[in-house]
$ cat final_5.txt   # compact mmCIF, C-alpha atoms (C1' of nucleotides)
# COMPACT_ATOMS: atom_id res chain seq x y z
CA MET A 19 25.06 252.89 79.36
CA GLY A 20 23.89 251.56 76.02
CA ARG A 21 25.90 249.44 73.70
CA ALA A 22 26.82 252.34 71.43
CA GLU A 23 28.01 254.48 74.34
CA GLN A 24 30.13 251.65 75.66
CA VAL A 25 31.77 251.21 72.34
CA LEU A 26 32.33 254.92 71.94
CA ALA A 27 33.99 255.08 75.33
CA ALA A 28 36.25 252.19 74.43
CA ALA A 29 37.04 253.79 71.10
CA GLU A 30 37.91 257.04 72.80
CA GLN A 31 40.24 255.19 75.13
CA GLN A 32 41.85 253.36 72.27
CA CYS A 33 42.45 256.52 70.28
CA LYS A 34 43.90 258.34 73.24
CA GLN A 35 46.41 255.59 73.71
CA ALA A 36 47.37 255.76 70.07
CA GLY A 37 47.70 259.53 70.24
CA ALA A 38 44.90 259.98 67.75
CA ARG A 39 42.04 262.43 67.94
CA LEU A 40 38.56 261.02 67.91
CA THR A 41 36.80 264.24 67.05
CA ASP A 42 33.12 264.91 67.26
CA LYS A 43 32.47 264.34 63.59
CA ARG A 44 34.47 261.16 63.58
CA LYS A 45 32.45 259.99 66.53
CA GLN A 46 29.27 260.73 64.64
CA VAL A 47 30.39 258.65 61.70
CA LEU A 48 31.24 255.78 63.99
CA LEU A 49 27.94 256.22 65.74
CA ALA A 50 26.06 256.05 62.46
CA LEU A 51 27.70 252.71 61.79
CA LEU A 52 26.99 251.44 65.28
CA HIS A 53 23.38 252.38 64.97
CA SER A 54 22.64 250.57 61.78
CA ASN A 55 23.86 247.04 62.01
CA LYS A 56 24.42 247.09 58.32
CA ALA A 57 27.25 247.88 56.00
CA LEU A 58 26.88 251.42 54.74
CA SER A 59 28.44 253.31 51.89
CA ALA A 60 30.03 256.69 52.53
CA TYR A 61 27.02 258.38 50.99
CA GLU A 62 24.64 256.40 53.15
CA ILE A 63 26.63 257.31 56.23
CA ALA A 64 26.34 260.97 55.33
CA ASP A 65 22.58 260.49 55.08
CA VAL A 66 22.33 258.73 58.42
CA CYS A 67 24.34 261.47 60.13
CA ARG A 68 22.04 264.09 58.69
CA GLU A 69 18.95 262.24 59.89
CA LEU A 70 20.37 261.28 63.26
CA GLN A 71 22.08 264.48 64.29
CA GLY A 72 20.74 266.95 61.83
CA GLN A 73 24.28 267.68 60.83
CA THR A 74 25.40 267.71 57.24
CA ILE A 75 28.82 266.24 56.63
CA PRO A 76 30.20 266.50 53.13
CA VAL A 77 30.89 263.12 51.59
CA MET A 78 34.50 263.99 51.03
CA SER A 79 34.84 264.44 54.77
CA VAL A 80 33.05 261.20 55.44
CA TYR A 81 35.61 259.39 53.35
CA ARG A 82 38.40 260.96 55.32
CA MET A 83 36.82 260.08 58.61
CA LEU A 84 36.29 256.53 57.48
CA GLU A 85 39.93 256.37 56.54
CA PHE A 86 40.87 257.54 60.01
CA LEU A 87 38.55 255.11 61.73
CA GLU A 88 39.92 252.28 59.68
CA GLN A 89 43.48 253.17 60.60
CA GLU A 90 42.47 253.05 64.23
CA HIS A 91 40.87 249.65 63.68
CA LEU A 92 37.47 250.90 64.73
CA ILE A 93 35.79 249.99 61.49
CA HIS A 94 36.31 247.61 58.61
CA LYS A 95 36.03 248.35 54.95
CA LEU A 96 34.21 245.63 53.10
CA GLN A 97 35.72 245.30 49.71
CA LEU A 98 32.77 243.47 48.29
CA ALA A 99 30.43 246.38 47.72
CA ASN A 100 32.75 249.07 49.10
CA LYS A 101 30.90 249.57 52.30
CA TYR A 102 31.87 250.01 55.89
CA VAL A 103 30.95 248.39 59.19
CA ALA A 104 31.88 249.08 62.78
CA CYS A 105 34.33 246.57 64.14
CA ALA A 106 32.51 244.08 66.29
CA HIS A 107 35.38 243.86 68.73
CA ILE A 108 36.07 247.38 69.82
CA CYS A 109 35.23 246.51 73.38
CA CYS A 110 36.98 243.22 73.85
CA LYS A 111 40.60 243.02 74.84
CA HIS A 112 41.78 239.73 73.42
CA LYS A 113 43.80 239.46 70.25
CA HIS A 114 41.76 238.83 67.13
CA GLY A 115 42.46 236.59 64.24
CA ILE A 116 41.59 237.09 60.63
CA PRO A 117 38.17 238.65 60.29
CA GLN A 118 35.52 236.96 58.27
CA PHE A 119 32.42 238.80 57.19
CA LEU A 120 29.08 237.33 56.30
CA ILE A 121 27.18 239.89 54.31
CA CYS A 122 23.47 239.48 53.80
CA GLN A 123 22.67 240.24 50.18
CA ARG A 124 19.11 241.22 50.95
CA CYS A 125 19.23 243.46 53.99
CA GLY A 126 22.92 244.28 54.15
CA GLU A 127 23.34 243.06 57.69
CA VAL A 128 26.88 241.98 58.44
CA LYS A 129 28.13 239.42 60.87
CA GLU A 130 31.77 239.53 61.82
CA LEU A 131 33.33 236.24 62.76
CA GLY A 132 36.83 235.19 63.53
CA ALA A 133 37.84 232.99 60.64
CA ASP A 134 38.71 229.44 61.49
CA ALA A 135 42.47 229.18 61.79
CA ALA A 136 42.67 225.84 60.02
CA VAL A 137 40.65 227.15 57.10
CA VAL A 138 42.84 230.19 56.74
CA GLU A 139 45.96 228.12 56.90
CA SER A 140 44.66 225.78 54.25
CA LEU A 141 43.73 228.69 52.01
CA GLN A 142 47.17 230.14 52.51
CA ARG A 143 48.80 226.93 51.41
CA ASN A 144 46.72 226.78 48.25
CA ILE A 145 47.56 230.35 47.45
CA GLU A 146 51.27 229.88 47.94
CA ALA A 147 51.16 226.74 45.83
CA ALA A 148 49.67 228.83 43.04
CA GLY A 149 52.55 231.28 43.30
CA TYR A 150 50.61 234.04 44.94
CA HIS A 151 50.74 235.74 48.30
CA LEU A 152 47.77 236.72 50.34
CA ALA A 153 47.62 240.48 50.60
CA SER A 154 44.58 241.32 52.65
CA PRO A 155 43.71 238.51 54.97
CA GLN A 156 40.05 239.25 55.21
CA LEU A 157 37.35 236.87 54.12
CA GLU A 158 34.11 238.23 52.78
CA LEU A 159 31.22 236.02 51.82
CA ASN A 160 27.94 236.82 50.20
CA CYS A 161 25.24 235.30 52.31
CA VAL A 162 21.61 235.52 53.20
CA CYS A 163 20.75 235.96 56.85
CA GLN A 164 18.21 233.86 58.68
CA SER A 165 15.50 236.46 58.93
CA CYS A 166 15.72 237.36 55.27
CA LEU A 167 15.53 233.71 54.35
CA THR A 168 12.43 232.98 56.35
CA GLY A 169 10.92 236.44 56.32
CA ASP A 170 9.78 236.67 52.72
CA MET B 25 45.10 227.24 16.46
CA GLY B 26 46.01 229.55 19.32
CA ARG B 27 44.67 229.36 22.78
CA ALA B 28 42.17 232.18 22.22
CA GLU B 29 40.81 230.56 19.08
CA GLN B 30 40.39 227.25 20.86
CA VAL B 31 38.46 228.90 23.61
CA LEU B 32 36.32 230.82 21.17
CA ALA B 33 35.47 227.62 19.34
CA ALA B 34 34.50 225.94 22.57
CA ALA B 35 32.46 228.95 23.58
CA GLU B 36 30.65 228.90 20.28
CA GLN B 37 29.86 225.26 20.75
CA GLN B 38 28.62 225.86 24.25
CA CYS B 39 26.34 228.71 23.22
CA LYS B 40 24.91 226.77 20.34
CA GLN B 41 23.93 223.99 22.68
CA ALA B 42 22.27 226.47 24.99
CA GLY B 43 20.41 228.06 22.11
CA ALA B 44 22.20 231.34 22.67
CA ARG B 45 23.76 233.59 20.06
CA LEU B 46 27.42 234.35 20.40
CA THR B 47 27.44 237.34 18.10
CA ASP B 48 30.46 239.04 16.66
CA LYS B 49 30.51 241.81 19.20
CA ARG B 50 30.08 239.41 22.06
CA LYS B 51 32.97 237.41 20.70
CA GLN B 52 35.08 240.55 20.61
CA VAL B 53 34.37 241.27 24.23
CA LEU B 54 35.29 237.74 25.19
CA LEU B 55 38.40 238.00 23.06
CA ALA B 56 39.45 241.18 24.79
CA LEU B 57 39.27 239.36 28.09
CA LEU B 58 41.13 236.36 26.76
CA HIS B 59 43.89 238.55 25.44
CA SER B 60 44.66 240.38 28.61
CA ASN B 61 45.14 237.95 31.42
CA LYS B 62 43.84 240.56 33.78
CA ALA B 63 40.53 241.56 35.22
CA LEU B 64 39.11 244.43 33.21
CA SER B 65 36.36 246.92 33.86
CA ALA B 66 33.67 247.45 31.26
CA TYR B 67 35.32 250.69 30.23
CA GLU B 68 38.69 249.04 29.89
CA ILE B 69 37.16 246.32 27.76
CA ALA B 70 35.70 248.95 25.46
CA ASP B 71 39.18 250.46 25.16
CA VAL B 72 40.81 247.12 24.39
CA CYS B 73 38.22 246.36 21.71
CA ARG B 74 38.88 249.71 20.11
CA GLU B 75 42.62 249.14 20.09
CA LEU B 76 42.46 245.51 19.05
CA GLN B 77 39.81 245.60 16.37
CA GLY B 78 39.46 249.27 15.72
CA GLN B 79 35.81 248.94 16.53
CA THR B 80 34.08 251.24 18.95
CA ILE B 81 31.56 249.56 21.21
CA PRO B 82 29.51 251.80 23.48
CA VAL B 83 30.03 251.01 27.13
CA MET B 84 26.34 250.41 27.57
CA SER B 85 26.63 247.61 25.06
CA VAL B 86 29.70 246.22 26.71
CA TYR B 87 27.76 245.87 29.92
CA ARG B 88 25.03 244.00 28.12
CA MET B 89 27.48 241.70 26.44
CA LEU B 90 29.19 241.02 29.72
CA GLU B 91 25.86 240.15 31.21
CA PHE B 92 25.24 237.72 28.40
CA LEU B 93 28.66 236.14 28.69
CA GLU B 94 28.23 235.75 32.41
CA GLN B 95 24.89 234.01 31.93
CA GLU B 96 26.56 231.60 29.57
CA HIS B 97 29.29 230.98 32.14
CA LEU B 98 31.98 232.20 29.81
CA ILE B 99 33.22 234.91 32.11
CA HIS B 100 33.19 235.68 35.81
CA LYS B 101 32.37 238.94 37.46
CA LEU B 102 34.77 239.73 40.25
CA GLN B 103 32.96 241.59 42.94
CA LEU B 104 36.14 242.85 44.45
CA ALA B 105 36.79 245.75 42.11
CA ASN B 106 33.84 245.09 39.82
CA LYS B 107 35.87 243.70 37.02
CA TYR B 108 35.54 240.80 34.67
CA VAL B 109 37.70 237.85 33.66
CA ALA B 110 37.31 235.08 31.14
CA CYS B 111 36.48 231.78 32.74
CA ALA B 112 39.59 229.65 32.89
CA HIS B 113 37.65 226.49 32.18
CA ILE B 114 35.75 227.14 29.01
CA CYS B 115 37.59 224.35 27.26
CA CYS B 116 37.56 221.61 29.84
CA LYS B 117 34.69 219.25 30.18
CA HIS B 118 34.81 218.16 33.79
CA LYS B 119 32.49 219.56 36.42
CA HIS B 120 33.89 222.49 38.33
CA GLY B 121 33.66 223.23 41.98
CA ILE B 122 33.50 226.57 43.65
CA PRO B 123 35.73 229.06 41.88
CA GLN B 124 38.38 230.84 43.83
CA PHE B 125 40.09 233.91 42.44
CA LEU B 126 43.47 235.22 43.40
CA ILE B 127 43.65 238.81 42.30
CA CYS B 128 46.99 240.57 42.15
CA GLN B 129 46.60 244.00 43.67
CA ARG B 130 49.47 245.45 41.71
CA CYS B 131 49.05 244.23 38.15
CA GLY B 132 45.48 242.97 38.21
CA GLU B 133 46.37 239.51 37.00
CA VAL B 134 43.87 236.91 38.08
CA LYS B 135 44.37 233.25 38.77
CA GLU B 136 41.32 231.06 38.89
CA LEU B 137 41.53 228.02 41.07
CA GLY B 138 39.08 225.41 42.12
CA ALA B 139 38.56 225.98 45.80
CA ASP B 140 39.54 223.14 48.05
CA ALA B 141 36.44 221.12 48.85
CA ALA B 142 37.35 220.61 52.48
CA VAL B 143 37.91 224.31 52.96
CA VAL B 144 34.61 225.17 51.41
CA GLU B 145 32.82 222.63 53.50
CA SER B 146 34.40 223.95 56.64
CA LEU B 147 33.46 227.51 55.72
CA GLN B 148 29.92 226.38 55.09
CA ARG B 149 29.66 224.85 58.52
CA ASN B 150 30.88 228.03 60.18
CA ILE B 151 28.42 230.08 58.22
CA GLU B 152 25.46 227.87 59.05
CA ALA B 153 26.49 227.89 62.70
CA ALA B 154 26.30 231.68 62.59
CA GLY B 155 22.77 231.49 61.24
CA TYR B 156 23.63 232.53 57.71
CA HIS B 157 23.49 230.83 54.35
CA LEU B 158 26.12 231.08 51.69
CA ALA B 159 24.70 232.90 48.70
CA SER B 160 27.39 233.21 46.08
CA PRO B 161 29.91 230.49 46.50
CA GLN B 162 32.80 232.35 45.01
CA LEU B 163 35.96 233.15 46.89
CA GLU B 164 37.92 236.24 46.00
CA LEU B 165 41.19 237.02 47.63
CA ASN B 166 43.42 240.04 47.35
CA CYS B 167 46.88 238.82 46.59
CA VAL B 168 50.18 239.80 45.09
CA CYS B 169 51.51 237.66 42.31
CA GLN B 170 55.02 236.29 42.19
CA SER B 171 56.36 238.57 39.50
CA CYS B 172 55.02 241.68 41.17
CA LEU B 173 56.54 240.60 44.44
CA THR B 174 60.01 240.02 43.05
CA GLY B 175 59.86 242.42 40.17
CA ASP B 176 59.97 245.70 42.01
C1' DT C 4 10.79 236.72 -0.62
C1' DA C 5 8.51 240.19 1.97
C1' DA C 6 6.21 241.20 6.44
C1' DG C 7 6.40 241.03 11.00
C1' DC C 8 8.40 239.93 15.29
C1' DA C 9 11.97 239.49 18.68
C1' DA C 10 16.67 239.96 19.90
C1' DA C 11 20.71 242.74 19.75
C1' DT C 12 22.92 247.01 19.50
C1' DG C 13 23.27 252.13 19.46
C1' DA C 14 22.55 256.83 21.35
C1' DT C 15 21.53 259.94 24.89
C1' DA C 16 20.98 261.28 29.35
C1' DT C 17 21.58 260.91 34.00
C1' DG C 18 22.52 258.84 38.59
C1' DT C 19 26.09 257.06 41.66
C1' DT C 20 30.79 256.65 43.62
C1' DG C 21 35.16 258.19 44.53
C1' DT C 22 38.98 261.56 44.55
C1' DA C 23 42.00 265.69 43.52
C1' DA C 24 43.12 270.32 44.72
C1' DC C 25 42.79 274.12 47.23
C1' DA C 26 40.44 277.10 50.98
C1' DT C 27 39.12 277.52 55.62
C1' DT C 28 38.75 276.44 60.37
C1' DA C 29 40.33 274.13 64.81
C1' DT C 30 43.95 272.58 67.87
C1' DT C 31 48.39 272.21 69.76
C1' DG C 32 52.90 273.59 71.44
C1' DC C 33 55.68 277.23 72.32
C1' DG D 29 48.96 285.16 71.32
C1' DC D 30 51.37 283.04 67.25
C1' DA D 31 53.08 279.99 64.15
C1' DA D 32 52.66 275.09 62.74
C1' DT D 33 49.91 271.26 62.10
C1' DA D 34 45.68 268.64 61.80
C1' DA D 35 40.92 268.50 60.56
C1' DT D 36 37.18 269.90 57.87
C1' DG D 37 34.81 272.35 54.01
C1' DT D 38 34.21 273.55 48.98
C1' DT D 39 34.37 272.88 44.31
C1' DA D 40 35.11 270.41 40.44
C1' DC D 41 35.58 266.43 38.04
C1' DA D 42 36.73 261.47 36.70
C1' DA D 43 35.11 256.76 36.70
C1' DC D 44 31.48 253.60 36.95
C1' DA D 45 26.75 252.12 36.12
C1' DT D 46 22.09 252.10 34.36
C1' DA D 47 17.48 253.80 32.47
C1' DT D 48 15.10 254.84 28.33
C1' DC D 49 14.08 255.03 23.83
C1' DA D 50 15.68 254.53 18.85
C1' DT D 51 17.63 251.65 15.37
C1' DT D 52 19.41 247.63 13.31
C1' DT D 53 19.84 242.70 12.64
C1' DG D 54 18.31 238.09 12.21
C1' DC D 55 14.78 234.70 12.27
C1' DT D 56 10.07 232.88 11.26
C1' DT D 57 6.29 232.22 8.58
C1' DA D 58 3.04 232.89 5.35
$ encode --input "final_5.txt" --output "structure tokens"
Amino acid sequence: MGRAEQVLAAAEQQCKQAGARLTDKRKQVLLALLHSNKALSAYEIADVCRELQGQTIPVMSVYRMLEFLEQEHLIHKLQLANKYVACAHICCKHKHGIPQFLICQRCGEVKELGADAAVVESLQRNIEAAGYHLASPQLELNCVCQSCLTGD
Amino acid sequence: MGRAEQVLAAAEQQCKQAGARLTDKRKQVLLALLHSNKALSAYEIADVCRELQGQTIPVMSVYRMLEFLEQEHLIHKLQLANKYVACAHICCKHKHGIPQFLICQRCGEVKELGADAAVVESLQRNIEAAGYHLASPQLELNCVCQSCLTGD
DNA sequence: TAAGCAAATGATATGTTGTAACATTATTGC
DNA sequence: GCAATAATGTTACAACATATCATTTGCTTA
């Protein structure tokens, strides 16, 4: 069983437990994200689905499916650039901390890390000191990945 | 001399030194940002200019002026939400570290902080360990400001 | 100071993203 | 099988962004 199939199985399981329906189309959207290791926009996802499965999904529907998948914690929405990536931890059981995303500016590849707890705590303190409250604890950083750096 | 005028004077100075022309229109765009403490989109800036000075600036031009102002380090482009804010440090002389923006999700108010050096360094290490390289050292965090939190 | 050049701005058109509103089609529980 | 609900499709449009070419402004230099 390939990586994508494993993840899909786990996702199915997870949805069942939550009483949510992982329909065929929703699976296809998730699959599109699993296939490309990159962050994709809703429009790009629609394209990938069309190429991969020959099925045309209206963008409006893609947005709705993305919304569903995000609710079920199967994907993340990257706010820098408004794109989406599959969660890197669908398969693992352990509790996850604050996600931190390294987004390659050149190729769009995304690496999902657990943010360092001490760093997050320190950030939090600074924010509170400034009279603000952290709303979405998700760190996103514009980066360049190794292969893009050396490749060209 | 009000705060905005002070900043404008400093900006003028800064541009002169760089051999750049801070034209009237460009000044108006900067002024619009200085006036509203919020992050504004290019379209919103055009609106503010129209209301404030009764002058209509085509959006296309606003984009170009924003580009100019960003090059001259007079404004920042927030990638979360694709909006713009005046740089909080136009007037001060000292060298600035990595900017960190706290963006209120409710009212759009933005607070610009200098990011804690230790935090940044720690982030850097994590990123390098993951085989990536930080590209745009600018932290943006979705927050809620004090008055929005208590106000409603 | 007028000519000529480059920078700045305007005007028009069009591409891209995102969403609202309503119609249609599945799916579920009874 | 029949409502009730959830999921998807359709259409239209609003907001955001940029490409391209025209026009104006300001500066340089002869």
$ interface_residues --input "final_5.txt" --of "chain B" --to "chain D" --cutoff "12 Å" --atoms "only C-alpha atoms (C1' of nucleotides)" --output "list in words"
Arg45, Thr47, Asp48, Ser65, Ala66, Tyr67, Glu68, Val83, Met84, Ser85, Val86, Tyr87, Arg88, Ala105, Asn106 and Lys107 of chain B
$ calpha_fit_and_write --input "final_5.txt" --fixed "chain A" --moving "chain B" --output "compact mmCIF listing (two decimals) with C-alpha atoms, in the coordinates of the input"
# COMPACT_ATOMS: atom_id res chain seq x y z
CA MET B 25 25.17 252.83 79.39
CA GLY B 26 24.01 251.47 76.05
CA ARG B 27 26.02 249.35 73.75
CA ALA B 28 26.91 252.26 71.46
CA GLU B 29 28.11 254.38 74.36
CA GLN B 30 30.26 251.55 75.65
CA VAL B 31 31.86 251.15 72.29
CA LEU B 32 32.40 254.86 71.93
CA ALA B 33 34.11 254.98 75.30
CA ALA B 34 36.37 252.13 74.35
CA ALA B 35 37.11 253.76 71.03
CA GLU B 36 38.01 256.99 72.76
CA GLN B 37 40.35 255.13 75.04
CA GLN B 38 41.94 253.34 72.14
CA CYS B 39 42.52 256.53 70.17
CA LYS B 40 43.98 258.32 73.13
CA GLN B 41 46.52 255.58 73.56
CA ALA B 42 47.44 255.81 69.90
CA GLY B 43 47.77 259.57 70.12
CA ALA B 44 44.94 260.04 67.67
CA ARG B 45 42.05 262.47 67.94
CA LEU B 46 38.58 261.03 67.91
CA THR B 47 36.80 264.26 67.10
CA ASP B 48 33.11 264.90 67.35
CA LYS B 49 32.45 264.38 63.69
CA ARG B 50 34.46 261.20 63.62
CA LYS B 51 32.47 259.98 66.57
CA GLN B 52 29.26 260.73 64.70
CA VAL B 53 30.37 258.68 61.75
CA LEU B 54 31.26 255.79 63.99
CA LEU B 55 27.95 256.18 65.77
CA ALA B 56 26.06 256.04 62.52
CA LEU B 57 27.70 252.73 61.79
CA LEU B 58 27.05 251.41 65.26
CA HIS B 59 23.40 252.33 65.01
CA SER B 60 22.64 250.55 61.81
CA ASN B 61 23.86 247.01 61.98
CA LYS B 62 24.41 247.11 58.27
CA ALA B 63 27.21 247.95 55.94
CA LEU B 64 26.81 251.52 54.74
CA SER B 65 28.32 253.46 51.89
CA ALA B 66 29.90 256.83 52.56
CA TYR B 67 26.86 258.53 51.10
CA GLU B 68 24.51 256.51 53.26
CA ILE B 69 26.55 257.39 56.32
CA ALA B 70 26.22 261.07 55.47
CA ASP B 71 22.46 260.57 55.25
CA VAL B 72 22.27 258.76 58.58
CA CYS B 73 24.28 261.49 60.29
CA ARG B 74 21.94 264.10 58.91
CA GLU B 75 18.89 262.23 60.12
CA LEU B 76 20.33 261.25 63.47
CA GLN B 77 22.05 264.44 64.53
CA GLY B 78 20.66 266.93 62.10
CA GLN B 79 24.19 267.71 61.09
CA THR B 80 25.26 267.80 57.48
CA ILE B 81 28.68 266.33 56.81
CA PRO B 82 30.03 266.64 53.28
CA VAL B 83 30.70 263.28 51.71
CA MET B 84 34.30 264.23 51.12
CA SER B 85 34.68 264.57 54.85
CA VAL B 86 32.93 261.32 55.50
CA TYR B 87 35.48 259.56 53.36
CA ARG B 88 38.28 261.14 55.33
CA MET B 89 36.73 260.19 58.62
CA LEU B 90 36.23 256.65 57.43
CA GLU B 91 39.85 256.52 56.46
CA PHE B 92 40.81 257.67 59.92
CA LEU B 93 38.53 255.19 61.64
CA GLU B 94 39.88 252.39 59.52
CA GLN B 95 43.45 253.29 60.43
CA GLU B 96 42.49 253.13 64.07
CA HIS B 97 40.91 249.73 63.50
CA LEU B 98 37.52 250.94 64.59
CA ILE B 99 35.78 250.05 61.37
CA HIS B 100 36.28 247.68 58.47
CA LYS B 101 35.99 248.44 54.82
CA LEU B 102 34.15 245.72 52.98
CA GLN B 103 35.54 245.42 49.52
CA LEU B 104 32.53 243.56 48.29
CA ALA B 105 30.23 246.50 47.70
CA ASN B 106 32.61 249.15 49.02
CA LYS B 107 30.80 249.68 52.24
CA TYR B 108 31.81 250.12 55.82
CA VAL B 109 30.93 248.46 59.12
CA ALA B 110 31.90 249.12 62.70
CA CYS B 111 34.37 246.61 64.01
CA ALA B 112 32.57 244.09 66.16
CA HIS B 113 35.45 243.85 68.58
CA ILE B 114 36.16 247.37 69.68
CA CYS B 115 35.34 246.49 73.25
CA CYS B 116 37.09 243.18 73.70
CA LYS B 117 40.68 242.96 74.67
CA HIS B 118 41.82 239.65 73.26
CA LYS B 119 43.84 239.38 70.08
CA HIS B 120 41.79 238.83 66.97
CA GLY B 121 42.47 236.57 64.08
CA ILE B 122 41.56 237.07 60.49
CA PRO B 123 38.16 238.70 60.19
CA GLN B 124 35.50 237.00 58.18
CA PHE B 125 32.40 238.87 57.09
CA LEU B 126 29.08 237.36 56.20
CA ILE B 127 27.17 239.92 54.23
CA CYS B 128 23.45 239.50 53.69
CA GLN B 129 22.68 240.26 50.08
CA ARG B 130 19.11 241.23 50.80
CA CYS B 131 19.22 243.46 53.86
CA GLY B 132 22.91 244.31 54.03
CA GLU B 133 23.33 243.09 57.58
CA VAL B 134 26.86 242.03 58.34
CA LYS B 135 28.12 239.45 60.77
CA GLU B 136 31.75 239.56 61.71
CA LEU B 137 33.32 236.30 62.68
CA GLY B 138 36.81 235.24 63.48
CA ALA B 139 37.83 233.00 60.64
CA ASP B 140 38.65 229.46 61.57
CA ALA B 141 42.41 229.16 61.95
CA ALA B 142 42.61 225.79 60.26
CA VAL B 143 40.66 227.06 57.29
CA VAL B 144 42.86 230.07 56.93
CA GLU B 145 45.97 227.98 57.16
CA SER B 146 44.70 225.62 54.53
CA LEU B 147 43.82 228.51 52.23
CA GLN B 148 47.28 229.93 52.74
CA ARG B 149 48.90 226.69 51.70
CA ASN B 150 46.84 226.53 48.52
CA ILE B 151 47.71 230.09 47.69
CA GLU B 152 51.43 229.62 48.22
CA ALA B 153 51.31 226.45 46.14
CA ALA B 154 49.85 228.53 43.32
CA GLY B 155 52.75 230.95 43.57
CA TYR B 156 50.78 233.76 45.17
CA HIS B 157 50.90 235.48 48.52
CA LEU B 158 47.90 236.47 50.54
CA ALA B 159 47.73 240.24 50.75
CA SER B 160 44.66 241.21 52.71
CA PRO B 161 43.69 238.45 55.02
CA GLN B 162 40.03 239.27 55.15
CA LEU B 163 37.32 236.91 54.02
CA GLU B 164 34.10 238.30 52.66
CA LEU B 165 31.25 236.07 51.73
CA ASN B 166 27.95 236.86 50.10
CA CYS B 167 25.25 235.33 52.21
CA VAL B 168 21.61 235.54 53.09
CA CYS B 169 20.74 235.97 56.71
CA GLN B 170 18.20 233.87 58.55
CA SER B 171 15.48 236.47 58.79
CA CYS B 172 15.70 237.36 55.13
CA LEU B 173 15.53 233.71 54.21
CA THR B 174 12.42 232.98 56.24
CA GLY B 175 10.92 236.41 56.20
CA ASP B 176 9.83 236.64 52.60
$ axis_aligned_box --input "final_5.txt" --around "segment 27-33 of chain C" --padding-each-side "4 Å" --output "AutoDock Vina command-line options"
--center_x 47.2 --center_y 274.9 --center_z 64.0 --size_x 24.9 --size_y 13.3 --size_z 24.7
$ interface_residues --input "final_5.txt" --of "chain A" --to "chain B" --cutoff "6 Å" --atoms "all atoms listed in the file" --output "list of chain:residue names"
A:Gln97, A:Leu98, A:Val137, A:Gly149, A:Tyr150, A:His151, A:Leu152, A:Ala153, A:Ser154, A:Asn160, A:Cys161, A:Val162, A:Cys163, A:Gln164
$ interface_residues --input "final_5.txt" --of "chain C" --to "chain B" --cutoff "9 Å" --atoms "all atoms listed in the file" --output "compact mmCIF listing (two decimals) with C-alpha atoms (C1' of nucleotides), in the coordinates of the input"
# COMPACT_ATOMS: atom_id res chain seq x y z
C1' DA C 11 20.71 242.74 19.75
C1' DT C 12 22.92 247.01 19.50
C1' DG C 13 23.27 252.13 19.46
C1' DA C 14 22.55 256.83 21.35
